[in-house]
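> Have a look at the structure that comes next, please.
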Amino acid sequence: MALGKWIGGILGFMSGGPLGALAGIVLGGVFDSMLDGVNTPETQGTFVGYSGYQQTAYQRQTQGQRNSFLFSMLVLASYIIKADGKVMHSEMELVRNMLRQNFGDMASQQGDEILRRLFDEQKRVGMQQFRQTVADCCRQIAQNMEYAQRLQLLNFLVMISQADGRVDAAEVVAMKECAQWMQMPVDEVDSMLGMGKDDLESAYQVLGVSPNATDEEVKRAYRRLALNHHPDKVAALGEDVRKAAEKKFQKINEAKERIWKARGL
């Protein structure tokens, strides 16, 4: 399988650091050849991608952000999926479907193979060493990815953890570890775990406030969420990612409306 086509020869911030090192291990010579192609003087400023059209430096940068986001998601997903000690078919199928729906058939097929290679690497080095690698990758993500993009990345991880109908405590711990390593409050995980539920308690969980909070505190919490999770903030990653963010944003608004109705606001 031509894994290089999924990456598209444009690497973004994952061309170096722990993410780049892990990509080199997982993708092997394919990744090395892509690096060579990107870093030659002839390819500075423009790039002819596998689809055959010439890309400007800005388009290369945008595509690089997207590819770095996708690979980062698979790295963290491989950590979350194995957190409870087993790989569930439902979790793998959700990742495949998520990639297919949001990024296309090629991403689904090649993302599945990349995930399996990440599992092999985890088995080769051991869980503790792989955990350290993931922590290092998360720190690289924090340095190079905007907060709203990290939120969307975390949201995909929460969706994966919910694929089998229950979220294991070990998966919650692993997601909160990733959140901390990416310089995000662990409360973001709790908020996302409450999304999509139709009870009032979960609505307060989404907003990250107590039912005893004042109206002003509730309104302030919603404004913060609305600002950080606005779909336009991840538009640079592609229309598909923005649409996924729209679904998340809708769930936040549904939680807000439930609270507003209960309080008569």
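Residues are named by chain letter and number: chains run A, B, ... in the order of the structure tokens, numbers start at 1 in each chain, and ligands are numbered from 1 in the order shown.
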I'd like the contact shell of segment 76-83 of chain A - 10 Å cut-off, only C-alpha atoms, skipping same-chain residues fewer than 4 positions apart - returned as a ChimeraX atom specification.
/A:71-72,87-88,91-92,95,114-119,122,127,130-131,134-135,137-138,153-154,156-158,160-161,168-175,178
> Which is closer to Ala203 of chain A than all the others in A:Ile252, A:Val189, A:Leu151, A:Met14, using only C-alpha atoms?
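The closest residue to Ala203 of chain A is A:Ile252.
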> For Lys243 of chain A, work out the shell of residues within 10 Å, counting only C-alpha atoms and skipping chain neighbours fewer than 4 positions away, then give it as a ChimeraX atom specification.
/A:102,231-232,234-235,238-239,247-249
> Find, counting only C-alpha atoms, the residue in A:Met145, A:Ile259, A:Val218, A:Met195 that gets nearest to Gly64 of chain A.
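Among the listed residues, the smallest separation from Gly64 of chain A belongs to A:Met145.
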